[in-house]
Amino acid sequence: TQHLVEGTIERTSALRLSASSAPYSDVMRQEQSQQVDLRVTIVDGQRLPVPEGLRLTLYAPADAALPALRCGDALRGEAEMHAAEKFLNPDVWDEGAWLRRQGISALGSARVGNVTATVTKARPGFTCQFHAAQQAASGRLVSLADQPAPVWMPASLRLTHDDAVMLTAMLTGDRTLLGHRLRVGFERTGSFHLLVVSGMHLAIFAGVVFWIARRLLLPRTWAMLATVGLSLAYALFTGFGQPVQRAFWMVTLYLAGRMRWRERRPLNAIGFA
């Protein structure tokens, strides 16, 4: 159903180029898409008692210019909205509950020509700023891979576009650039978790930071604080998923015990985390 919505952009994703076909047609067409999370305050001219989250996908032809959308901008336009599908099979994954935990109440789609964005002076939230930094890092890595490699660099060390896209998923937690062609192989073999930032990533990151801090001869307390602080920043940067949360608390407990010269029991740290 078409609704006129007004809200504030809280999160944006990278632009994607995909091929699709119209219903009952085999003719493929190229189009661009971008996903944004809105904090909706007005629907069809009526102000909501409580702002609601809307995950909106914007579509445009492949040769059209999409507006630059940023966190904190106001967005207004006509969009089709619907609730997430819910299957009644026992123990099936509940997409609606997963979205609600992210503050999203509904899904929507709209044509770029039907929406307008207005730059505001509102300060973006921390989540939006971290996500913007994540997108910037992903875009930078992909753009480096798309540039011609130096002639002196061995072919085995040159990154292709697909390599860079998979690296962004493994290092930054940004999977928005993963297309169907790249995803399907990992999904069918049950190895998609390789493209997700996990506790192992954070453990390696924390170990490297602590090793560098000790090599720089930082006092024990400052080395611990630097490791915990940078580990928290990396965890937030990658989306602060549950595996990363557990790893962060385990790293923090381990270093706290080390600083206080306490015996370190892994099972206690795991149980607390």
# chains A, B, ... in the order shown; residues from 1 in each chain; ligands from 1
>>> select_by_dssp(residues="range 128-176 of chain A", states="alpha helix (DSSP H)", output="VMD selection string")
chain A and resid 128 to 146 161 to 172
>>> residues_around(residues="range 38-53 of chain A", least_positions_apart="2", cutoff="7 Å", atoms="only C-alpha atoms", output="ChimeraX atom specification")
/A:3-10,36,55,103-106
>>> write_last_selection(atoms="N, CA and C atoms", output="compact mmCIF listing (two decimals), in the first residue's frame")
# COMPACT_ATOMS: atom_id res chain seq x y z
N HIS A 3 1.98 4.91 0.89
CA HIS A 3 1.81 5.85 2.00
C HIS A 3 2.79 7.00 1.83
N LEU A 4 2.40 8.17 2.28
CA LEU A 4 3.28 9.32 2.29
C LEU A 4 3.97 9.37 3.65
N VAL A 5 5.27 9.16 3.65
CA VAL A 5 6.02 9.08 4.91
C VAL A 5 7.02 10.22 5.01
N GLU A 6 7.27 10.63 6.24
CA GLU A 6 8.29 11.63 6.54
C GLU A 6 9.09 11.15 7.73
N GLY A 7 10.40 11.27 7.64
CA GLY A 7 11.24 10.82 8.73
C GLY A 7 12.67 11.28 8.58
N THR A 8 13.51 10.79 9.47
CA THR A 8 14.93 11.14 9.50
C THR A 8 15.75 9.90 9.20
N ILE A 9 16.75 10.07 8.34
CA ILE A 9 17.61 8.94 7.98
C ILE A 9 18.54 8.62 9.15
N GLU A 10 18.52 7.35 9.55
CA GLU A 10 19.38 6.90 10.64
C GLU A 10 20.52 5.99 10.17
N VAL A 36 17.92 2.40 3.16
CA VAL A 36 18.06 3.37 4.25
C VAL A 36 17.12 2.98 5.37
N ARG A 55 12.63 0.30 7.23
CA ARG A 55 13.76 -0.04 6.35
C ARG A 55 13.28 0.09 4.92
N GLY A 103 15.03 -2.07 15.89
CA GLY A 103 14.19 -0.88 15.89
C GLY A 103 13.42 -0.69 14.60
N ILE A 104 13.28 -1.74 13.78
CA ILE A 104 12.57 -1.64 12.50
C ILE A 104 11.19 -2.29 12.65
N SER A 105 10.15 -1.52 12.37
CA SER A 105 8.78 -2.02 12.50
C SER A 105 8.19 -2.48 11.17
N ALA A 106 8.69 -1.95 10.05
CA ALA A 106 8.11 -2.28 8.75
C ALA A 106 9.18 -2.17 7.67
>>> closest_residue(among="A:Ser25, A:Asn89, A:Ser143, A:Gln135", to="Asp162 in chain A", atoms="only C-alpha atoms")
A:Ser143
>>> residues_around(residues="Ala60 in chain A", least_positions_apart="3", cutoff="7 Å", atoms="only C-alpha atoms", output="list of chain:residue names")
A:Glu31, A:Gln32, A:Ser33, A:Ala64, A:Arg111, A:Val112
>>> write_last_selection(atoms="all heavy atoms", output="short mmCIF file (atom, residue, chain, number, x, y, z; two decimals), in the first residue's frame")
data_model
loop_
_atom_site.label_atom_id
_atom_site.label_comp_id
_atom_site.auth_asym_id
_atom_site.auth_seq_id
_atom_site.Cartn_x
_atom_site.Cartn_y
_atom_site.Cartn_z
N GLU A 31 19.22 -1.99 -12.69
CA GLU A 31 18.75 -0.89 -11.86
C GLU A 31 19.62 -0.76 -10.62
O GLU A 31 20.28 -1.71 -10.20
CB GLU A 31 17.29 -1.07 -11.46
CG GLU A 31 16.99 -2.30 -10.64
CD GLU A 31 15.51 -2.41 -10.31
OE1 GLU A 31 14.74 -1.53 -10.70
OE2 GLU A 31 15.14 -3.40 -9.66
N GLN A 32 19.61 0.44 -10.07
CA GLN A 32 20.35 0.72 -8.84
C GLN A 32 19.40 0.63 -7.65
O GLN A 32 18.20 0.88 -7.77
CB GLN A 32 20.96 2.12 -8.89
CG GLN A 32 21.89 2.37 -10.05
CD GLN A 32 22.40 3.79 -10.03
OE1 GLN A 32 23.33 4.13 -9.32
NE2 GLN A 32 21.78 4.63 -10.84
N SER A 33 19.98 0.31 -6.52
CA SER A 33 19.18 0.29 -5.29
C SER A 33 20.03 0.74 -4.12
O SER A 33 21.25 0.57 -4.12
CB SER A 33 18.60 -1.11 -5.03
OG SER A 33 19.63 -2.03 -4.78
N ALA A 64 20.45 6.48 -13.93
CA ALA A 64 19.96 7.65 -13.19
C ALA A 64 20.95 8.03 -12.09
O ALA A 64 21.73 7.21 -11.62
CB ALA A 64 18.59 7.36 -12.59
N ARG A 111 10.46 4.48 -5.46
CA ARG A 111 11.26 4.99 -6.57
C ARG A 111 11.94 6.28 -6.13
O ARG A 111 11.34 7.10 -5.43
CB ARG A 111 10.39 5.23 -7.78
CG ARG A 111 9.88 3.94 -8.42
CD ARG A 111 10.99 3.20 -9.10
NE ARG A 111 10.61 1.85 -9.52
CZ ARG A 111 11.45 0.98 -10.04
NH1 ARG A 111 12.71 1.32 -10.22
NH2 ARG A 111 11.05 -0.24 -10.38
N VAL A 112 13.19 6.44 -6.58
CA VAL A 112 13.95 7.63 -6.18
C VAL A 112 13.22 8.90 -6.58
O VAL A 112 13.25 9.90 -5.85
CB VAL A 112 15.36 7.58 -6.79
CG1 VAL A 112 16.08 8.91 -6.60
CG2 VAL A 112 16.17 6.46 -6.17
#
>>> closest_atom_pairs(of="range 9-122 of chain A", to="range 164-183 of chain A", cutoff="7 Å", atoms="only C-alpha atoms", output="JSON lines")
{"residue": "A:Ser13", "atom": "CA", "partner": "A:Thr176", "partner_atom": "CA", "distance": 6.6}
{"residue": "A:Ala14", "atom": "CA", "partner": "A:Thr176", "partner_atom": "CA", "distance": 6.5}
{"residue": "A:Arg16", "atom": "CA", "partner": "A:Leu177", "partner_atom": "CA", "distance": 6.9}
>>> residues_around(residues="Gly239 in chain A", least_positions_apart="3", cutoff="9 Å", atoms="only C-alpha atoms", output="mmCIF file with N, CA, C and O atoms, in the first residue's frame")
data_model
loop_
_atom_site.group_PDB
_atom_site.id
_atom_site.type_symbol
_atom_site.label_atom_id
_atom_site.label_comp_id
_atom_site.auth_asym_id
_atom_site.auth_seq_id
_atom_site.Cartn_x
_atom_site.Cartn_y
_atom_site.Cartn_z
ATOM 1 N N THR A 127 25.371 5.463 16.419
ATOM 2 C CA THR A 127 25.213 4.297 15.559
ATOM 3 C C THR A 127 25.346 4.688 14.098
ATOM 4 O O THR A 127 25.999 3.995 13.301
ATOM 5 N N PHE A 130 29.049 5.497 13.267
ATOM 6 C CA PHE A 130 29.868 4.297 13.129
ATOM 7 C C PHE A 130 29.555 3.582 11.822
ATOM 8 O O PHE A 130 30.454 3.092 11.140
ATOM 9 N N HIS A 131 28.273 3.526 11.466
ATOM 10 C CA HIS A 131 27.906 2.861 10.223
ATOM 11 C C HIS A 131 28.439 3.633 9.016
ATOM 12 O O HIS A 131 28.870 3.030 8.029
ATOM 13 N N GLN A 134 31.963 2.734 8.671
ATOM 14 C CA GLN A 134 32.052 1.386 8.103
ATOM 15 C C GLN A 134 31.873 1.419 6.594
ATOM 16 O O GLN A 134 32.625 0.786 5.847
ATOM 17 N N THR A 172 35.152 -5.552 8.102
ATOM 18 C CA THR A 172 34.331 -4.449 8.601
ATOM 19 C C THR A 172 32.918 -4.874 8.981
ATOM 20 O O THR A 172 32.197 -4.099 9.607
ATOM 21 N N GLY A 173 32.498 -6.072 8.594
ATOM 22 C CA GLY A 173 31.128 -6.499 8.879
ATOM 23 C C GLY A 173 30.111 -5.963 7.905
ATOM 24 O O GLY A 173 28.909 -6.190 8.070
ATOM 25 N N ASP A 174 30.555 -5.267 6.861
ATOM 26 C CA ASP A 174 29.652 -4.694 5.864
ATOM 27 C C ASP A 174 29.404 -5.714 4.756
ATOM 28 O O ASP A 174 30.275 -5.965 3.928
ATOM 29 N N VAL A 197 31.921 -11.005 10.701
ATOM 30 C CA VAL A 197 32.886 -10.675 11.752
ATOM 31 C C VAL A 197 32.492 -11.425 13.017
ATOM 32 O O VAL A 197 31.378 -11.287 13.517
ATOM 33 N N TYR A 234 36.353 -1.131 17.693
ATOM 34 C CA TYR A 234 36.265 -2.053 16.555
ATOM 35 C C TYR A 234 34.967 -2.855 16.610
ATOM 36 O O TYR A 234 34.338 -3.107 15.575
ATOM 37 N N ALA A 235 34.563 -3.265 17.812
ATOM 38 C CA ALA A 235 33.311 -4.010 17.955
ATOM 39 C C ALA A 235 32.120 -3.175 17.505
ATOM 40 O O ALA A 235 31.227 -3.665 16.803
ATOM 41 N N LEU A 236 32.085 -1.913 17.900
ATOM 42 C CA LEU A 236 30.994 -1.028 17.473
ATOM 43 C C LEU A 236 31.064 -0.764 15.979
ATOM 44 O O LEU A 236 30.050 -0.703 15.290
ATOM 45 N N VAL A 244 30.657 -10.907 18.659
ATOM 46 C CA VAL A 244 31.656 -9.886 18.959
ATOM 47 C C VAL A 244 31.480 -9.369 20.389
ATOM 48 O O VAL A 244 32.470 -9.100 21.091
#
>>> select_by_dssp(residues="range 19-248 of chain A", states="strand (DSSP E)", output="PyMOL selection string")
chain A and resi 19-21+28-43+46-61+74-82+106-111+115-118
>>> write_last_selection(atoms="C-alpha atoms", output="PDB file, in the first residue's frame")
ATOM      1  CA  ALA A  19      19.563  -7.143 -12.679  1.00  0.00           C
ATOM      2  CA  SER A  20      15.849  -7.897 -12.422  1.00  0.00           C
ATOM      3  CA  SER A  21      12.908  -8.654 -14.641  1.00  0.00           C
ATOM      4  CA  MET A  28      16.332  -8.340 -17.792  1.00  0.00           C
ATOM      5  CA  ARG A  29      16.920  -4.763 -16.770  1.00  0.00           C
ATOM      6  CA  GLN A  30      19.673  -3.100 -14.786  1.00  0.00           C
ATOM      7  CA  GLU A  31      18.754  -0.890 -11.863  1.00  0.00           C
ATOM      8  CA  GLN A  32      20.351   0.722  -8.845  1.00  0.00           C
ATOM      9  CA  SER A  33      19.178   0.292  -5.294  1.00  0.00           C
ATOM     10  CA  GLN A  34      20.052   1.729  -1.907  1.00  0.00           C
ATOM     11  CA  GLN A  35      18.703   0.814   1.510  1.00  0.00           C
ATOM     12  CA  VAL A  36      18.063   3.372   4.251  1.00  0.00           C
ATOM     13  CA  ASP A  37      16.676   3.093   7.755  1.00  0.00           C
ATOM     14  CA  LEU A  38      14.225   5.855   8.621  1.00  0.00           C
ATOM     15  CA  ARG A  39      12.914   7.061  11.948  1.00  0.00           C
ATOM     16  CA  VAL A  40       9.392   7.840  10.698  1.00  0.00           C
ATOM     17  CA  THR A  41       7.434  10.551  12.482  1.00  0.00           C
ATOM     18  CA  ILE A  42       4.586  11.309  10.026  1.00  0.00           C
ATOM     19  CA  VAL A  43       2.522   8.919   7.880  1.00  0.00           C
ATOM     20  CA  GLN A  46      -0.684  12.131  10.699  1.00  0.00           C
ATOM     21  CA  ARG A  47       2.048  12.463  13.324  1.00  0.00           C
ATOM     22  CA  LEU A  48       2.814   9.175  15.040  1.00  0.00           C
ATOM     23  CA  PRO A  49       2.619   9.054  18.852  1.00  0.00           C
ATOM     24  CA  VAL A  50       5.985   7.306  18.880  1.00  0.00           C
ATOM     25  CA  PRO A  51       8.493   7.365  15.975  1.00  0.00           C
ATOM     26  CA  GLU A  52       8.727   4.017  14.187  1.00  0.00           C
ATOM     27  CA  GLY A  53      11.560   2.427  12.235  1.00  0.00           C
ATOM     28  CA  LEU A  54      11.187   1.800   8.488  1.00  0.00           C
ATOM     29  CA  ARG A  55      13.756  -0.044   6.355  1.00  0.00           C
ATOM     30  CA  LEU A  56      13.246   1.532   2.941  1.00  0.00           C
ATOM     31  CA  THR A  57      14.796   0.336  -0.322  1.00  0.00           C
ATOM     32  CA  LEU A  58      15.097   2.999  -3.013  1.00  0.00           C
ATOM     33  CA  TYR A  59      15.179   1.974  -6.686  1.00  0.00           C
ATOM     34  CA  ALA A  60      16.345   3.865  -9.772  1.00  0.00           C
ATOM     35  CA  PRO A  61      17.336   3.027 -13.372  1.00  0.00           C
ATOM     36  CA  ALA A  74      15.100  14.459   6.447  1.00  0.00           C
ATOM     37  CA  LEU A  75      13.383  12.304   3.825  1.00  0.00           C
ATOM     38  CA  ARG A  76       9.833  12.629   2.503  1.00  0.00           C
ATOM     39  CA  GLY A  77       8.049  10.670  -0.192  1.00  0.00           C
ATOM     40  CA  GLU A  78       5.600   7.984  -1.252  1.00  0.00           C
ATOM     41  CA  ALA A  79       6.533   4.411  -0.400  1.00  0.00           C
ATOM     42  CA  GLU A  80       4.943   0.993  -0.355  1.00  0.00           C
ATOM     43  CA  MET A  81       5.096  -0.467   3.155  1.00  0.00           C
ATOM     44  CA  HIS A  82       4.506  -3.966   4.428  1.00  0.00           C
ATOM     45  CA  ALA A 106       8.110  -2.277   8.749  1.00  0.00           C
ATOM     46  CA  LEU A 107       9.742  -2.728   5.346  1.00  0.00           C
ATOM     47  CA  GLY A 108       9.193  -0.496   2.340  1.00  0.00           C
ATOM     48  CA  SER A 109      10.230   0.341  -1.204  1.00  0.00           C
ATOM     49  CA  ALA A 110      10.074   3.478  -3.309  1.00  0.00           C
ATOM     50  CA  ARG A 111      11.262   4.987  -6.568  1.00  0.00           C
ATOM     51  CA  VAL A 115      11.183  10.942  -2.595  1.00  0.00           C
ATOM     52  CA  THR A 116      12.996  14.122  -1.627  1.00  0.00           C
ATOM     53  CA  ALA A 117      15.823  14.498   0.874  1.00  0.00           C
ATOM     54  CA  THR A 118      16.540  17.673   2.825  1.00  0.00           C
TER      55      THR A 118
END
>>> atom_distance(atom1="CA of Gln242 in chain A", atom2="CA of Gly199 in chain A")
8.7 Å
>>> residues_around(residues="Pro243 in chain A", least_positions_apart="6", cutoff="12 Å", atoms="only C-alpha atoms", output="VMD selection string")
chain A and resid 193 196 to 203 235 249 to 250 270 273
>>> closest_residue(among="A:Cys128, A:Val251, A:Ala213, A:Val27", to="Phe272 in chain A", atoms="only C-alpha atoms")
A:Val251
>>> decode(residues="range 77-91 of chain A", atoms="all heavy atoms", output="compact mmCIF listing (two decimals), in the first residue's frame")
# COMPACT_ATOMS: atom_id res chain seq x y z
N GLY A 77 8.46 11.21 1.09
CA GLY A 77 8.05 10.67 -0.19
C GLY A 77 7.03 9.56 -0.05
O GLY A 77 6.67 9.14 1.05
N GLU A 78 6.57 9.07 -1.21
CA GLU A 78 5.60 7.98 -1.25
C GLU A 78 6.33 6.64 -1.31
O GLU A 78 7.25 6.46 -2.10
CB GLU A 78 4.68 8.14 -2.47
CG GLU A 78 3.77 9.35 -2.39
CD GLU A 78 2.79 9.38 -3.54
OE1 GLU A 78 2.94 8.56 -4.47
OE2 GLU A 78 1.88 10.22 -3.52
N ALA A 79 5.89 5.72 -0.47
CA ALA A 79 6.53 4.41 -0.40
C ALA A 79 5.48 3.34 -0.15
O ALA A 79 4.44 3.59 0.46
CB ALA A 79 7.57 4.39 0.71
N GLU A 80 5.76 2.16 -0.66
CA GLU A 80 4.94 0.99 -0.36
C GLU A 80 5.51 0.34 0.90
O GLU A 80 6.70 0.04 0.97
CB GLU A 80 4.95 0.00 -1.52
CG GLU A 80 4.26 0.51 -2.77
CD GLU A 80 4.17 -0.56 -3.84
OE1 GLU A 80 4.57 -1.71 -3.56
OE2 GLU A 80 3.69 -0.25 -4.94
N MET A 81 4.64 0.11 1.89
CA MET A 81 5.10 -0.47 3.16
C MET A 81 4.39 -1.78 3.42
O MET A 81 3.23 -1.97 3.03
CB MET A 81 4.84 0.51 4.30
CG MET A 81 5.66 1.79 4.23
SD MET A 81 5.65 2.71 5.77
CE MET A 81 3.90 3.07 5.97
N HIS A 82 5.10 -2.68 4.07
CA HIS A 82 4.51 -3.97 4.43
C HIS A 82 5.27 -4.53 5.61
O HIS A 82 6.43 -4.16 5.88
CB HIS A 82 4.57 -4.95 3.24
CG HIS A 82 5.96 -5.26 2.78
ND1 HIS A 82 6.72 -6.28 3.30
CD2 HIS A 82 6.73 -4.66 1.84
CE1 HIS A 82 7.89 -6.31 2.71
NE2 HIS A 82 7.94 -5.33 1.81
N ALA A 83 4.63 -5.45 6.32
CA ALA A 83 5.28 -6.11 7.45
C ALA A 83 6.18 -7.23 6.94
O ALA A 83 6.00 -7.73 5.82
CB ALA A 83 4.23 -6.67 8.40
N ALA A 84 7.16 -7.61 7.72
CA ALA A 84 8.04 -8.72 7.35
C ALA A 84 7.24 -10.02 7.30
O ALA A 84 6.31 -10.23 8.07
CB ALA A 84 9.18 -8.83 8.35
N GLU A 85 7.60 -10.88 6.35
CA GLU A 85 6.92 -12.16 6.23
C GLU A 85 7.17 -13.03 7.46
O GLU A 85 8.27 -13.02 8.03
CB GLU A 85 7.39 -12.91 4.98
CG GLU A 85 6.96 -12.25 3.67
CD GLU A 85 7.39 -13.06 2.47
OE1 GLU A 85 8.29 -13.91 2.63
OE2 GLU A 85 6.83 -12.84 1.38
N LYS A 86 6.17 -13.76 7.86
CA LYS A 86 6.29 -14.65 9.01
C LYS A 86 5.78 -16.03 8.63
O LYS A 86 4.62 -16.20 8.26
CB LYS A 86 5.50 -14.12 10.20
CG LYS A 86 5.64 -14.98 11.45
CD LYS A 86 4.90 -14.38 12.63
CE LYS A 86 5.08 -15.25 13.87
NZ LYS A 86 4.37 -14.69 15.05
N PHE A 87 6.67 -17.00 8.68
CA PHE A 87 6.30 -18.38 8.38
C PHE A 87 5.96 -19.10 9.68
O PHE A 87 6.55 -18.84 10.73
CB PHE A 87 7.45 -19.09 7.66
CG PHE A 87 7.82 -18.45 6.35
CD1 PHE A 87 8.87 -17.54 6.28
CD2 PHE A 87 7.11 -18.73 5.20
CE1 PHE A 87 9.21 -16.94 5.09
CE2 PHE A 87 7.44 -18.13 4.00
CZ PHE A 87 8.49 -17.24 3.94
N LEU A 88 5.00 -20.01 9.61
CA LEU A 88 4.50 -20.67 10.82
C LEU A 88 5.13 -22.04 11.04
O LEU A 88 4.66 -22.79 11.90
CB LEU A 88 2.97 -20.81 10.73
CG LEU A 88 2.22 -19.48 10.59
CD1 LEU A 88 0.72 -19.72 10.53
CD2 LEU A 88 2.56 -18.53 11.74
N ASN A 89 6.16 -22.37 10.29
CA ASN A 89 6.86 -23.63 10.53
C ASN A 89 7.49 -23.61 11.92
O ASN A 89 7.99 -22.57 12.37
CB ASN A 89 7.96 -23.85 9.49
CG ASN A 89 7.43 -23.75 8.08
OD1 ASN A 89 6.90 -22.72 7.68
ND2 ASN A 89 7.59 -24.80 7.32
N PRO A 90 7.49 -24.73 12.62
CA PRO A 90 8.11 -24.77 13.96
C PRO A 90 9.59 -24.39 13.91
O PRO A 90 10.33 -24.85 13.03
CB PRO A 90 7.92 -26.22 14.39
CG PRO A 90 6.78 -26.72 13.58
CD PRO A 90 6.86 -26.01 12.26
N ASP A 91 9.99 -23.53 14.83
CA ASP A 91 11.40 -23.13 15.00
C ASP A 91 11.98 -22.39 13.81
O ASP A 91 13.19 -22.31 13.65
CB ASP A 91 12.28 -24.35 15.31
CG ASP A 91 11.86 -25.04 16.59
OD1 ASP A 91 11.44 -24.33 17.52
OD2 ASP A 91 11.93 -26.27 16.65
